Amino acid sequence: MTGPTPGAPGGRPDSPPPPGPEDAARLPPSDEPRPAADPPTEGLEGDPTAWPPDEAFDAVDLDDRGWTRRDLEAILLVADEPVPATVLAEIVGARLSAVEELLVELAGEYARDGRGFVLRMIAGGWRLYTHPGARTAVEAFLRAGQQSRLTRAALETLAVIAYRQPVTRFQVAAVRGVNVDGVFRTLASRGLIHEVGTDPGPGQAILYGTTPAFLEQLGLNDLDQLPPIKDYLPEGVDLLDIQEQP
């Protein structure tokens with residue numbers, strides 16, 4: 001057993017001298033917690049697109065189940081029709097049992113949290129719907145939107161549907177050369193088009209046609225009174241060509 005260090009008063013070991021200014025650069029960083037920095041606010045005021053930044057999405061650390069859950073929500077958000085769990089499982093690359101468990105979990109979570117949307121299994125598939133309790137607000141929003149004018153893209157899409165009905169979304173997209181899913185949603189919400197059946201071919205795509213409200217908006221008695229359509233089609237495209245599209 002070693003005794004006290006010689007020269008130390010009271011038998012205590014000599015303590016090192018306090019550091020001087022010349023030693024400041026050699027001091028290790030302090031372990032004491034520092035006050036949190038204020039969150040950056042530059043560029044956020046008056047600019048809702050600045051938050052959250054893209055880096056915030058990349059910084060989230062998810063496990064395999066979290067990635068699957070996120071991908072399921074993203075798919076359901078853009079789905080226009082109920083999607084079977086088997087299709088969802090194939091797309092996200094997960095077991096069917098795991099996907100079904102996540103879908104039930106999401107549906108319960110949305111219901112418990114009182115979200116503005118609900119997840120339901122209807123017609124053999126899963127789809128997001130607006131919350132029944134928000135019906136009044138949703139109807140008010142749709143009525144307000146009906147007072148605004150249709151865009152040129154919506155008018156072109158509506159013209160193709162009117163002249164070639166019944167028609168599928170794919171057939172209309174083939175004529176216009178662009179994705180028409182968003183435009184179809186707008187036209188349906190305005191009550192100008194609706195589902196009229198399913199195509200007998202592979203996949204049984206939904207067929208769409210115009211509604212009586214469409215004729216009422218144009219002041220027509222029937223579709224035979226529609227004006228020529230050629231001015232609304234892309235150059236060199238024949239409206240009858242879509243009959244040949246699958």
# chains A, B, ... in the order shown; residues from 1 in each chain; ligands from 1
>>> select_by_dssp(residues="segment 150-207 of chain A", states="alpha helix (DSSP H)", output="PDB file with C-alpha atoms, in the first residue's frame")
ATOM      1  CA  ARG A 152     -58.117  23.897 -70.033  1.00  0.00           C
ATOM      2  CA  ALA A 153     -56.877  20.425 -69.101  1.00  0.00           C
ATOM      3  CA  ALA A 154     -60.198  19.662 -67.417  1.00  0.00           C
ATOM      4  CA  LEU A 155     -62.163  20.958 -70.402  1.00  0.00           C
ATOM      5  CA  GLU A 156     -60.140  18.865 -72.844  1.00  0.00           C
ATOM      6  CA  THR A 157     -60.589  15.763 -70.692  1.00  0.00           C
ATOM      7  CA  LEU A 158     -64.306  16.404 -70.280  1.00  0.00           C
ATOM      8  CA  ALA A 159     -64.674  16.832 -74.051  1.00  0.00           C
ATOM      9  CA  VAL A 160     -63.035  13.484 -74.774  1.00  0.00           C
ATOM     10  CA  ILE A 161     -65.276  11.760 -72.229  1.00  0.00           C
ATOM     11  CA  ALA A 162     -68.388  13.421 -73.606  1.00  0.00           C
ATOM     12  CA  TYR A 163     -67.696  12.458 -77.206  1.00  0.00           C
ATOM     13  CA  ARG A 164     -66.411   8.933 -76.655  1.00  0.00           C
ATOM     14  CA  ARG A 169     -59.222   6.752 -67.821  1.00  0.00           C
ATOM     15  CA  PHE A 170     -56.457   4.961 -69.714  1.00  0.00           C
ATOM     16  CA  GLN A 171     -58.172   5.639 -73.027  1.00  0.00           C
ATOM     17  CA  VAL A 172     -58.544   9.321 -72.239  1.00  0.00           C
ATOM     18  CA  ALA A 173     -54.921   9.527 -71.094  1.00  0.00           C
ATOM     19  CA  ALA A 174     -53.860   7.920 -74.387  1.00  0.00           C
ATOM     20  CA  VAL A 175     -55.535  10.739 -76.302  1.00  0.00           C
ATOM     21  CA  ARG A 176     -54.252  13.562 -74.132  1.00  0.00           C
ATOM     22  CA  ASP A 181     -56.285  10.906 -62.609  1.00  0.00           C
ATOM     23  CA  GLY A 182     -56.382  14.304 -60.918  1.00  0.00           C
ATOM     24  CA  VAL A 183     -58.611  15.787 -63.602  1.00  0.00           C
ATOM     25  CA  PHE A 184     -61.019  12.845 -63.306  1.00  0.00           C
ATOM     26  CA  ARG A 185     -61.292  13.481 -59.562  1.00  0.00           C
ATOM     27  CA  THR A 186     -62.068  17.141 -60.207  1.00  0.00           C
ATOM     28  CA  LEU A 187     -64.734  16.373 -62.806  1.00  0.00           C
ATOM     29  CA  ALA A 188     -66.328  13.735 -60.579  1.00  0.00           C
ATOM     30  CA  SER A 189     -66.381  16.101 -57.587  1.00  0.00           C
TER      31      SER A 189
END
>>> residues_around(residues="Thr211 of chain A", least_positions_apart="6", cutoff="9 Å", atoms="only C-alpha atoms", output="ChimeraX atom specification")
/A:191-194
>>> atom_distance(atom1="atom CA of Tyr208 of chain A", atom2="atom CA of Thr168 of chain A")
6.1 Å
>>> atom_distance(atom1="atom CA of Gly201 of chain A", atom2="atom CA of Asn179 of chain A")
21.0 Å
>>> select_by_dssp(residues="segment 124-204 of chain A", states="strand (DSSP E or B)", output="PDB file with C-alpha atoms, in the first residue's frame")
ATOM      1  CA  GLY A 125     -60.000  -3.550 -51.080  1.00  0.00           C
ATOM      2  CA  TRP A 126     -58.728  -0.775 -48.814  1.00  0.00           C
ATOM      3  CA  ARG A 127     -59.196   2.933 -49.433  1.00  0.00           C
ATOM      4  CA  LEU A 128     -59.080   6.254 -47.565  1.00  0.00           C
ATOM      5  CA  TYR A 129     -62.338   8.181 -47.200  1.00  0.00           C
ATOM      6  CA  THR A 130     -63.241  11.487 -45.601  1.00  0.00           C
ATOM      7  CA  VAL A 167     -64.518   5.436 -71.819  1.00  0.00           C
ATOM      8  CA  ILE A 193     -68.842  12.634 -64.832  1.00  0.00           C
ATOM      9  CA  HIS A 194     -69.611   9.371 -63.064  1.00  0.00           C
ATOM     10  CA  GLU A 195     -68.966   5.636 -63.271  1.00  0.00           C
ATOM     11  CA  VAL A 196     -71.245   3.885 -65.767  1.00  0.00           C
ATOM     12  CA  GLY A 197     -69.864   0.346 -65.748  1.00  0.00           C
ATOM     13  CA  THR A 198     -66.738  -1.744 -66.219  1.00  0.00           C
TER      14      THR A 198
END
>>> atom_distance(atom1="atom CA of Gly124 of chain A", atom2="atom CA of Val83 of chain A")
7.6 Å
>>> residues_around(residues="Leu72 of chain A", least_positions_apart="2", cutoff="12 Å", atoms="only C-alpha atoms", output="compact mmCIF listing (two decimals) with C-alpha atoms, in the first residue's frame")
# COMPACT_ATOMS: atom_id res chain seq x y z
CA ARG A 65 -42.10 -2.23 -40.46
CA GLY A 66 -42.01 1.56 -40.42
CA TRP A 67 -41.00 1.71 -44.08
CA THR A 68 -43.82 -0.65 -45.02
CA ARG A 69 -46.33 1.39 -43.02
CA ARG A 70 -45.19 4.61 -44.67
CA ALA A 74 -48.60 6.83 -49.51
CA ILE A 75 -50.25 4.34 -51.88
CA LEU A 76 -53.64 4.64 -50.19
CA LEU A 77 -53.42 8.42 -50.38
CA VAL A 78 -53.33 8.39 -54.19
CA ALA A 79 -55.58 5.38 -54.79
CA VAL A 83 -56.87 -1.66 -53.37
CA PRO A 84 -56.82 -5.35 -52.35
CA ALA A 85 -54.37 -6.26 -49.59
CA VAL A 87 -51.89 -6.01 -54.38
CA LEU A 88 -50.54 -3.78 -51.61
CA ALA A 89 -48.38 -6.62 -50.27
CA GLU A 90 -46.91 -7.23 -53.71
CA ILE A 91 -46.14 -3.55 -54.27
CA VAL A 92 -44.46 -2.94 -50.90
CA GLY A 93 -42.70 -6.32 -50.92
CA ALA A 94 -44.07 -7.57 -47.61
CA ALA A 98 -47.99 -8.31 -42.15
CA VAL A 99 -49.73 -5.92 -44.55
CA GLU A 100 -53.19 -6.90 -43.31
CA GLU A 101 -52.06 -6.36 -39.73
CA LEU A 102 -50.73 -2.89 -40.59
CA LEU A 103 -53.93 -1.94 -42.43
CA VAL A 104 -56.07 -2.85 -39.43
CA GLU A 105 -53.63 -0.96 -37.18
CA LEU A 106 -53.82 2.15 -39.36
CA ALA A 107 -57.62 2.02 -39.54
CA LEU A 119 -59.44 3.78 -43.72
CA TRP A 126 -58.73 -0.77 -48.81
CA ARG A 127 -59.20 2.93 -49.43
CA LEU A 128 -59.08 6.25 -47.56
>>> closest_residue(among="A:Arg95, A:Glu81, A:Thr151, A:Phe57", to="Ile206 of chain A", atoms="only C-alpha atoms")
A:Glu81
>>> residues_around(residues="segment 133-136 of chain A", least_positions_apart="3", cutoff="9 Å", atoms="only C-alpha atoms", output="NGL selection string")
:A and (116-117 or 130 or 139-141)
